>>> print(open('protein.txt').read())   # compact mmCIF, C-alpha atoms
# COMPACT_ATOMS: atom_id res chain seq x y z
CA MET Z 255 53.11 187.42 148.74
CA PHE Z 256 52.35 183.78 148.05
CA THR Z 257 55.98 182.74 147.86
CA ALA Z 258 55.95 181.41 151.42
CA LEU Z 259 53.59 178.67 150.29
CA ARG Z 260 55.10 178.03 146.89
CA PRO Z 261 56.21 174.39 146.81
CA ASN Z 262 59.59 173.29 145.52
CA PHE Z 263 58.68 171.63 142.23
CA SER Z 264 62.03 169.84 142.10
CA GLN Z 265 60.81 167.60 144.89
CA SER Z 266 58.38 164.72 144.68
CA ARG Z 267 54.65 164.98 144.22
CA SER Z 268 54.11 163.32 147.55
CA PHE Z 269 55.75 166.40 149.06
CA LEU Z 270 53.57 168.78 147.05
CA VAL Z 271 50.29 167.13 147.99
CA GLN Z 272 50.66 167.90 151.66
CA CYS Z 273 47.17 167.01 152.89
CA SER Z 274 43.95 165.34 151.86
CA LEU Z 275 41.31 167.18 149.83
CA ASP Z 276 38.99 167.29 152.84
CA ARG Z 277 41.63 168.87 155.01
CA GLN Z 278 42.57 171.32 152.29
CA TRP Z 279 38.95 172.36 151.77
CA ARG Z 280 38.59 172.97 155.49
CA CYS Z 281 41.77 175.00 155.34
CA PHE Z 282 40.20 177.23 152.71
CA ALA Z 283 36.77 177.26 154.28
CA GLY Z 284 37.81 177.56 157.89
CA HIS Z 285 39.03 181.11 157.43
CA ASN Z 286 36.20 182.58 155.41
CA LYS Z 287 32.42 182.66 155.47
CA TRP Z 288 32.11 179.07 154.14
CA SER Z 289 32.59 177.84 157.67
CA LYS Z 290 30.43 176.05 160.18
CA ILE Z 291 28.53 179.31 160.65
CA LYS Z 292 27.49 179.32 157.02
CA ARG Z 293 26.58 175.64 157.03
CA LYS Z 294 24.41 176.09 160.12
CA LYS Z 295 22.55 178.96 158.48
CA TRP Z 296 22.19 177.18 155.15
CA ALA Z 297 18.92 175.52 156.11
CA LYS Z 298 17.25 178.80 156.96
CA ASP Z 299 15.21 180.48 154.24
CA ALA Z 300 16.39 183.95 155.20
CA ALA Z 301 20.03 182.93 154.97
CA ARG Z 302 19.52 181.32 151.58
CA ALA Z 303 17.79 184.46 150.35
CA GLY Z 304 20.80 186.47 151.47
CA LEU Z 305 23.19 184.11 149.68
CA PHE Z 306 21.14 184.31 146.51
CA ALA Z 307 21.01 188.12 146.67
CA LYS Z 308 24.79 188.35 147.05
CA ALA Z 309 25.37 185.88 144.22
CA SER Z 310 23.05 187.86 141.95
CA ARG Z 311 24.80 191.08 142.92
CA ALA Z 312 28.17 189.58 141.98
CA ILE Z 313 26.83 188.53 138.58
CA ILE Z 314 25.38 191.99 137.95
CA ALA Z 315 28.70 193.63 138.87
CA ALA Z 316 30.70 191.26 136.65
CA SER Z 317 28.24 191.73 133.77
CA LYS Z 318 28.47 195.49 134.04
CA ALA Z 319 32.28 195.34 134.12
CA CYS Z 320 32.55 193.20 130.96
CA GLY Z 321 29.45 194.35 129.07
CA GLY Z 322 27.77 190.97 129.46
CA ASP Z 323 30.54 189.09 127.63
CA MET Z 324 29.94 185.43 128.50
CA ASP Z 325 33.56 184.60 127.62
CA ASN Z 326 34.75 186.86 130.42
CA LEU Z 327 36.21 184.69 133.19
CA GLN Z 328 35.21 187.02 136.01
CA LEU Z 329 31.59 186.70 134.90
CA GLN Z 330 32.01 182.94 134.52
CA SER Z 331 33.38 182.79 138.06
CA ALA Z 332 30.36 184.64 139.46
CA ILE Z 333 28.01 182.33 137.56
CA GLN Z 334 29.81 179.19 138.72
CA HIS Z 335 29.58 180.35 142.31
CA ALA Z 336 25.85 181.05 141.89
CA LYS Z 337 25.35 177.54 140.54
CA SER Z 338 27.28 176.08 143.47
CA ILE Z 339 24.73 177.53 145.91
CA GLN Z 340 21.85 176.36 143.68
CA LEU Z 341 20.68 179.72 142.37
CA SER Z 342 18.16 178.97 139.64
CA GLN Z 343 19.09 179.42 135.99
CA ASP Z 344 16.27 181.95 135.56
CA ARG Z 345 17.69 184.12 138.35
CA ILE Z 346 21.22 183.77 136.96
CA GLN Z 347 20.03 184.92 133.54
CA ALA Z 348 18.04 187.76 135.09
CA ALA Z 349 21.17 188.95 136.90
CA ILE Z 350 23.22 188.77 133.68
CA ASP Z 351 20.64 190.88 131.89
CA LYS Z 352 20.05 193.35 134.71
CA TYR Z 353 23.18 195.37 134.01
CA LEU Z 354 21.57 196.50 130.74
CA GLU Z 355 18.80 198.22 132.69
CA ASN Z 356 21.33 200.38 134.53
CA GLU Z 357 24.03 200.56 131.87
CA LYS Z 358 23.66 204.33 131.48
CA GLY Z 359 23.24 205.15 135.16
CA GLY Z 360 24.02 204.14 138.69
CA ASN Z 361 27.31 203.72 140.44
CA ALA Z 362 29.80 201.09 139.37
CA PHE Z 363 30.44 198.25 141.78
CA GLN Z 364 33.86 198.05 143.35
CA THR Z 365 35.60 195.57 145.62
CA LYS Z 366 36.72 196.86 149.00
CA ARG Z 367 38.89 195.20 151.62
CA TYR Z 368 38.77 195.95 155.34
CA ASP Z 369 41.34 194.69 157.85
CA ALA Z 370 40.07 194.46 161.40
CA MET Z 371 41.19 193.25 164.81
CA ILE Z 372 38.44 192.13 167.18
CA THR Z 373 38.80 190.96 170.77
CA LEU Z 374 36.86 187.83 171.65
CA ASP Z 375 36.94 186.80 175.30
CA GLY Z 376 40.42 188.26 175.68
CA THR Z 377 41.82 186.90 172.39
CA LYS Z 378 42.65 189.28 169.55
CA VAL Z 379 41.42 187.85 166.24
CA ALA Z 380 42.57 189.17 162.86
CA CYS Z 381 39.88 189.47 160.19
CA ILE Z 382 39.87 190.41 156.53
CA LEU Z 383 36.46 191.43 155.18
CA ILE Z 384 35.78 191.70 151.45
CA ALA Z 385 32.83 193.72 150.17
CA LEU Z 386 31.26 194.35 146.78
CA THR Z 387 29.67 197.78 146.92
CA ASP Z 388 28.21 200.58 144.84
CA ASN Z 389 28.52 202.99 147.79
CA ALA Z 390 31.89 202.78 149.52
CA LYS Z 391 31.00 205.30 152.25
CA ARG Z 392 27.89 203.34 153.25
CA THR Z 393 29.78 200.06 153.35
CA ALA Z 394 32.73 201.44 155.31
CA ALA Z 395 30.39 202.93 157.90
CA SER Z 396 28.39 199.73 158.37
CA VAL Z 397 31.50 197.55 158.59
CA ARG Z 398 33.18 199.92 161.05
CA ALA Z 399 30.08 199.98 163.27
CA ALA Z 400 29.90 196.17 163.35
CA VAL Z 401 33.61 195.85 164.13
CA VAL Z 402 33.37 198.38 166.97
CA ARG Z 403 30.36 196.55 168.42
CA ALA Z 404 32.49 193.38 168.37
CA ASN Z 405 35.06 195.13 170.59
CA GLY Z 406 37.39 195.73 167.69
CA GLU Z 407 38.86 198.33 165.38
CA LEU Z 408 39.52 198.79 161.70
CA LEU Z 409 43.18 198.83 160.70
CA PRO Z 410 44.85 200.22 157.58
CA THR Z 411 44.12 198.12 154.50
CA SER Z 412 46.74 195.38 154.04
CA ALA Z 413 47.65 195.43 157.75
CA HIS Z 414 47.22 191.64 157.83
CA ASP Z 415 49.25 190.90 154.71
CA PHE Z 416 51.99 189.31 156.82
CA MET Z 417 49.47 186.81 158.17
CA PHE Z 418 47.40 185.91 155.08
CA ASN Z 419 48.32 184.97 151.52
CA HIS Z 420 46.20 186.15 148.61
CA VAL Z 421 45.78 183.22 146.19
CA GLY Z 422 43.86 182.07 143.16
CA VAL Z 423 42.04 178.74 143.51
CA VAL Z 424 40.39 176.50 140.92
CA PHE Z 425 38.12 173.62 141.98
CA LEU Z 426 37.92 170.99 139.26
CA GLU Z 427 35.51 168.13 138.72
CA TRP Z 428 37.54 164.93 138.79
CA ARG Z 429 37.19 161.20 138.19
CA GLU Z 430 39.64 158.48 139.16
CA ASP Z 431 40.05 157.42 135.52
CA MET Z 432 41.24 160.90 134.47
CA ASP Z 433 44.87 161.61 133.60
CA GLU Z 434 46.58 162.87 136.74
CA ASP Z 435 49.90 163.39 134.96
CA GLY Z 436 48.14 165.46 132.30
CA LEU Z 437 46.61 167.75 134.92
CA TRP Z 438 49.96 168.24 136.63
CA GLU Z 439 51.66 169.11 133.35
CA CYS Z 440 48.90 171.47 132.22
CA ALA Z 441 48.59 173.20 135.60
CA LEU Z 442 52.30 173.72 136.17
CA GLU Z 443 52.84 175.05 132.65
CA ALA Z 444 50.00 177.54 133.24
CA GLY Z 445 51.58 178.87 136.44
CA ALA Z 446 50.02 176.71 139.18
CA THR Z 447 51.84 176.65 142.51
CA GLU Z 448 50.07 173.64 144.03
CA VAL Z 449 47.83 170.77 142.91
CA GLU Z 450 45.69 168.59 145.19
CA ILE Z 451 43.85 165.57 143.76
CA ASP Z 452 41.19 163.40 145.39
CA SER Z 453 38.91 160.70 144.02
CA ASN Z 454 36.24 163.15 142.80
CA SER Z 455 37.78 166.61 143.06
CA ALA Z 456 40.98 168.50 142.37
CA ILE Z 457 42.18 171.84 143.67
CA VAL Z 458 44.72 173.91 141.75
CA SER Z 459 46.26 176.99 143.39
CA CYS Z 460 48.21 179.85 141.86
CA GLU Z 461 49.38 183.41 142.32
CA PRO Z 462 46.32 185.71 142.21
CA GLN Z 463 47.41 187.46 139.01
CA ASP Z 464 47.69 184.10 137.22
CA LEU Z 465 44.15 182.85 137.98
CA TRP Z 466 42.40 183.76 134.73
CA ALA Z 467 45.22 182.42 132.56
CA LEU Z 468 45.27 179.21 134.59
CA VAL Z 469 41.51 178.72 134.27
CA ARG Z 470 41.63 179.36 130.53
CA SER Z 471 44.46 176.87 130.06
CA LEU Z 472 42.66 174.20 132.09
CA GLN Z 473 39.44 174.75 130.15
CA ASP Z 474 41.26 174.63 126.81
CA ASN Z 475 42.71 171.27 127.84
CA GLY Z 476 39.32 169.78 128.66
CA TYR Z 477 39.20 170.21 132.45
CA LYS Z 478 35.88 171.42 133.86
CA ALA Z 479 36.14 174.03 136.60
CA ALA Z 480 33.37 173.68 139.18
CA GLU Z 481 34.38 177.02 140.69
CA PHE Z 482 37.33 179.41 140.64
CA ARG Z 483 38.03 182.53 142.64
CA HIS Z 484 40.48 184.72 144.54
CA GLN Z 485 40.67 184.29 148.29
CA TYR Z 486 42.90 184.59 151.35
CA MET Z 487 44.55 181.79 153.33
CA LEU Z 488 46.61 181.81 156.48
CA ALA Z 489 50.29 181.88 155.57
CA ASP Z 490 50.89 179.45 158.43
CA PRO Z 491 47.82 177.27 159.19
CA GLU Z 492 49.51 176.13 162.39
CA SER Z 493 49.24 179.69 163.69
CA ALA Z 494 45.42 179.53 163.82
CA LEU Z 495 44.20 180.59 167.26
CA SER Z 496 42.08 178.54 169.64
CA LEU Z 497 39.10 180.28 171.22
CA SER Z 498 37.16 179.61 174.37
CA THR Z 499 33.50 178.62 174.17
CA GLU Z 500 32.50 182.23 174.81
CA GLY Z 501 34.99 183.40 172.20
CA HIS Z 502 33.48 181.10 169.58
CA GLU Z 503 29.99 182.33 170.44
CA LYS Z 504 31.10 185.93 169.98
CA LEU Z 505 32.83 185.09 166.70
CA GLU Z 506 29.68 183.38 165.48
CA ALA Z 507 27.61 186.44 166.38
CA PHE Z 508 30.03 188.67 164.47
CA MET Z 509 29.99 186.34 161.46
CA VAL Z 510 26.19 186.33 161.40
CA LYS Z 511 26.15 190.13 161.59
CA MET Z 512 28.58 190.41 158.70
CA ASP Z 513 26.74 187.75 156.74
CA ASP Z 514 23.58 189.83 157.03
CA ASN Z 515 25.38 192.83 155.52
CA GLU Z 516 24.37 192.89 151.85
CA ASP Z 517 27.74 194.29 150.78
CA VAL Z 518 30.07 191.89 152.61
CA THR Z 519 30.85 188.85 150.48
CA ASP Z 520 33.73 187.11 152.30
CA ILE Z 521 35.21 186.99 155.77
CA TYR Z 522 38.63 185.51 156.58
CA TYR Z 523 39.98 185.07 160.11
CA ASN Z 524 42.84 183.40 161.95
CA THR Z 525 41.07 181.08 164.38
CA LYS Z 526 40.38 177.37 164.41
CA LEU Z 527 36.88 176.01 164.00
CA GLU Z 528 35.25 174.28 166.93
CA ASP Z 529 35.20 170.99 164.99
CA ASP Z 530 38.93 171.35 164.30
CA GLY Z 531 39.64 170.72 167.96
CA ALA Z 532 39.78 174.35 168.96
CA MET Z 533 37.78 173.86 172.14
>>> encode(input="protein.txt", output="structure tokens")
Amino acid sequence: MFTALRPNFSQSRSFLVQCSLDRQWRCFAGHNKWSKIKRKKWAKDAARAGLFAKASRAIIAASKACGGDMDNLQLQSAIQHAKSIQLSQDRIQAAIDKYLENEKGGNAFQTKRYDAMITLDGTKVACILIALTDNAKRTAASVRAAVVRANGELLPTSAHDFMFNHVGVVFLEWREDMDEDGLWECALEAGATEVEIDSNSAIVSCEPQDLWALVRSLQDNGYKAAEFRHQYMLADPESALSLSTEGHEKLEAFMVKMDDNEDVTDIYYNTKLEDDGAM
């Protein structure tokens, strides 16, 4: 449950905005695939091709689920993510249209979650892996094999619920001349649990079941969402583990392996990044 992070709205805004936008982004990114590992791979053509393929796959799955309805927020979310990694408009449109080719056949895509515990240089690291797959048996087998090779094991789904919170997050485009009070009012009325505002960005968080209603309300009130999605965050960021140099190298190798898996879309883990002073 997200209640452990829900702020007390009776207190001041200075209490609610607990950290800078940069720190908050690293808090989100530091426990999923948008980490230093991803940024290091970004410059490589093969890695970009993999990102593009996964983004296209997400659009196809969302299109198939909603029949290509462009007003569907899940499809909009997939498209916004594709734009954020600079997937071309032609490829986005091709992915939207592709579901029509397979509308009468093929397996439906489904989201799968895998909880794992891997041992890295003597430290047990908790991981949540999210996959988008049209063949659950294939994906489970490949994920299990990678986890075992990383000196780990798969646990029952939701085993790490006590450690991670499932949240909805909206990233908004922001300018300093925009109405901060208006955003607070709109967001809180639509069910937001936290609002973070910086000079050129704003992050609005909510319970996962409230994400689509929150996005719709923000859009209806003139706020432009750069990206919105469901994701996991550590319930207690201070509990993030520090790894040795060898541990970080092994984590990086595992991340790269998972990143190369066409079905795995997100990885969340409970360790600090090297540039967060974990060394």
>>> closest_residue(input="protein.txt", among="Z:Asn475, Z:Ser331, Z:Thr377, Z:Asn389", to="Ala362 (chain Z)", atoms="only C-alpha atoms")
Z:Asn389
>>> atom_distance(input="protein.txt", atom1="CA of Lys318 (chain Z)", atom2="CA of Ala349 (chain Z)")
10.2 Å
>>> residues_around(input="protein.txt", residues="Leu409 (chain Z)", least_positions_apart="6", cutoff="10 Å", atoms="only C-alpha atoms", output="mmCIF file with C-alpha atoms, in the coordinates of the input")
data_model
loop_
_atom_site.group_PDB
_atom_site.id
_atom_site.type_symbol
_atom_site.label_atom_id
_atom_site.label_comp_id
_atom_site.auth_asym_id
_atom_site.auth_seq_id
_atom_site.Cartn_x
_atom_site.Cartn_y
_atom_site.Cartn_z
ATOM 1 C CA TYR Z 368 38.770 195.950 155.340
ATOM 2 C CA ASP Z 369 41.340 194.690 157.850
ATOM 3 C CA ALA Z 370 40.070 194.460 161.400
ATOM 4 C CA MET Z 371 41.190 193.250 164.810
ATOM 5 C CA ALA Z 380 42.570 189.170 162.860
ATOM 6 C CA CYS Z 381 39.880 189.470 160.190
ATOM 7 C CA ILE Z 382 39.870 190.410 156.530
#
>>> atom_distance(input="protein.txt", atom1="CA of Ala312 (chain Z)", atom2="CA of Ala332 (chain Z)")
6.0 Å
>>> closest_residue(input="protein.txt", among="Z:Pro410, Z:Thr499, Z:Ile384, Z:Ala395", to="Tyr523 (chain Z)", atoms="all atoms listed in the file")
Z:Ile384
>>> closest_residue(input="protein.txt", among="Z:Met324, Z:Ile451, Z:Leu437, Z:Ala494", to="Ser471 (chain Z)", atoms="only C-alpha atoms")
Z:Leu437
>>> atom_distance(input="protein.txt", atom1="CA of Thr525 (chain Z)", atom2="CA of Thr365 (chain Z)")
24.3 Å
>>> residues_around(input="protein.txt", residues="Glu430 (chain Z)", least_positions_apart="6", cutoff="9 Å", atoms="only C-alpha atoms", output="MDAnalysis selection string")
chainID Z and resid 452:454
>>> closest_residue(input="protein.txt", among="Z:Ala390, Z:Cys460, Z:Ala348, Z:Ile339", to="His484 (chain Z)", atoms="all atoms listed in the file")
Z:Cys460
>>> residues_around(input="protein.txt", residues="Leu505 (chain Z)", least_positions_apart="5", cutoff="10 Å", atoms="only C-alpha atoms", output="MDAnalysis selection string")
chainID Z and resid 291 372:375 379 404 497 499:500 510:511 523 525
>>> closest_residue(input="protein.txt", among="Z:Lys308, Z:Trp466, Z:Thr393, Z:Ser455", to="Asn326 (chain Z)", atoms="all atoms listed in the file")
Z:Trp466
>>> decode(input="protein.txt", residues="region 477-501 of chain Z", atoms="N, CA, C and O atoms", output="CSV table (one decimal), in the first residue's frame")
chain,number,residue,atom,x,y,z
Z,477,TYR,N,-3.0,21.2,-18.2
Z,477,TYR,CA,-1.6,20.8,-17.9
Z,477,TYR,C,-1.2,19.7,-18.8
Z,477,TYR,O,-1.9,18.8,-19.1
Z,478,LYS,N,0.0,19.9,-19.4
Z,478,LYS,CA,0.5,18.9,-20.4
Z,478,LYS,C,1.4,17.9,-19.7
Z,478,LYS,O,2.5,18.2,-19.1
Z,479,ALA,N,1.0,16.6,-19.8
Z,479,ALA,CA,1.8,15.6,-19.2
Z,479,ALA,C,2.9,15.1,-20.2
Z,479,ALA,O,2.6,14.6,-21.3
Z,480,ALA,N,4.1,15.2,-19.8
Z,480,ALA,CA,5.2,14.7,-20.6
Z,480,ALA,C,5.3,13.2,-20.6
Z,480,ALA,O,5.6,12.6,-21.6
Z,481,GLU,N,4.9,12.6,-19.5
Z,481,GLU,CA,4.9,11.2,-19.4
Z,481,GLU,C,4.1,10.8,-18.1
Z,481,GLU,O,4.1,11.6,-17.1
Z,482,PHE,N,3.5,9.7,-18.1
Z,482,PHE,CA,2.7,9.2,-16.9
Z,482,PHE,C,2.7,7.7,-17.0
Z,482,PHE,O,2.7,7.1,-18.0
Z,483,ARG,N,2.9,7.1,-15.8
Z,483,ARG,CA,3.0,5.6,-15.7
Z,483,ARG,C,2.8,5.1,-14.3
Z,483,ARG,O,2.9,5.9,-13.4
Z,484,HIS,N,2.7,3.8,-14.2
Z,484,HIS,CA,2.8,3.1,-12.9
Z,484,HIS,C,4.2,2.6,-12.7
Z,484,HIS,O,4.9,2.2,-13.6
Z,485,GLN,N,4.7,2.7,-11.5
Z,485,GLN,CA,6.0,2.1,-11.1
Z,485,GLN,C,6.1,1.8,-9.7
Z,485,GLN,O,5.2,2.1,-8.9
Z,486,TYR,N,7.2,1.3,-9.3
Z,486,TYR,CA,7.5,0.9,-7.9
Z,486,TYR,C,8.6,1.8,-7.3
Z,486,TYR,O,9.5,2.2,-8.0
Z,487,MET,N,8.4,2.2,-6.0
Z,487,MET,CA,9.4,3.0,-5.3
Z,487,MET,C,9.7,2.3,-4.0
Z,487,MET,O,8.8,1.7,-3.4
Z,488,LEU,N,10.9,2.5,-3.5
Z,488,LEU,CA,11.2,2.0,-2.1
Z,488,LEU,C,10.3,2.7,-1.1
Z,488,LEU,O,10.2,3.9,-1.1
Z,489,ALA,N,9.7,1.9,-0.2
Z,489,ALA,CA,8.9,2.5,0.8
Z,489,ALA,C,9.7,3.4,1.7
Z,489,ALA,O,9.2,4.4,2.2
Z,490,ASP,N,10.9,3.0,2.0
Z,490,ASP,CA,11.8,3.8,2.8
Z,490,ASP,C,13.2,4.0,2.0
Z,490,ASP,O,14.0,3.1,2.0
Z,491,PRO,N,13.3,5.1,1.3
Z,491,PRO,CA,14.6,5.3,0.5
Z,491,PRO,C,15.8,5.2,1.3
Z,491,PRO,O,16.9,4.8,0.8
Z,492,GLU,N,15.7,5.4,2.6
Z,492,GLU,CA,16.9,5.3,3.5
Z,492,GLU,C,17.4,3.9,3.7
Z,492,GLU,O,18.5,3.6,4.1
Z,493,SER,N,16.5,2.9,3.3
Z,493,SER,CA,16.8,1.5,3.5
Z,493,SER,C,17.6,1.0,2.3
Z,493,SER,O,18.0,-0.2,2.3
Z,494,ALA,N,17.9,1.8,1.2
Z,494,ALA,CA,18.6,1.3,0.1
Z,494,ALA,C,20.0,0.8,0.5
Z,494,ALA,O,20.7,1.5,1.3
Z,495,LEU,N,20.4,-0.3,-0.1
Z,495,LEU,CA,21.6,-1.0,0.3
Z,495,LEU,C,22.8,-0.4,-0.4
Z,495,LEU,O,22.7,0.0,-1.6
Z,496,SER,N,24.0,-0.4,0.2
Z,496,SER,CA,25.2,-0.1,-0.4
Z,496,SER,C,25.9,-1.4,-0.9
Z,496,SER,O,25.9,-2.4,-0.1
Z,497,LEU,N,26.5,-1.3,-2.1
Z,497,LEU,CA,27.2,-2.5,-2.6
Z,497,LEU,C,28.7,-2.2,-2.7
Z,497,LEU,O,29.1,-1.0,-2.9
Z,498,SER,N,29.5,-3.2,-2.7
Z,498,SER,CA,30.9,-3.1,-3.0
Z,498,SER,C,31.1,-2.9,-4.5
Z,498,SER,O,30.1,-3.0,-5.3
Z,499,THR,N,32.3,-2.6,-4.9
Z,499,THR,CA,32.6,-2.4,-6.3
Z,499,THR,C,32.2,-3.7,-7.1
Z,499,THR,O,31.6,-3.6,-8.1
Z,500,GLU,N,32.6,-4.8,-6.6
Z,500,GLU,CA,32.3,-6.1,-7.2
Z,500,GLU,C,30.8,-6.3,-7.3
Z,500,GLU,O,30.2,-6.8,-8.3
Z,501,GLY,N,30.1,-5.9,-6.2
Z,501,GLY,CA,28.6,-6.0,-6.2
Z,501,GLY,C,28.0,-5.2,-7.2
Z,501,GLY,O,27.0,-5.6,-7.9
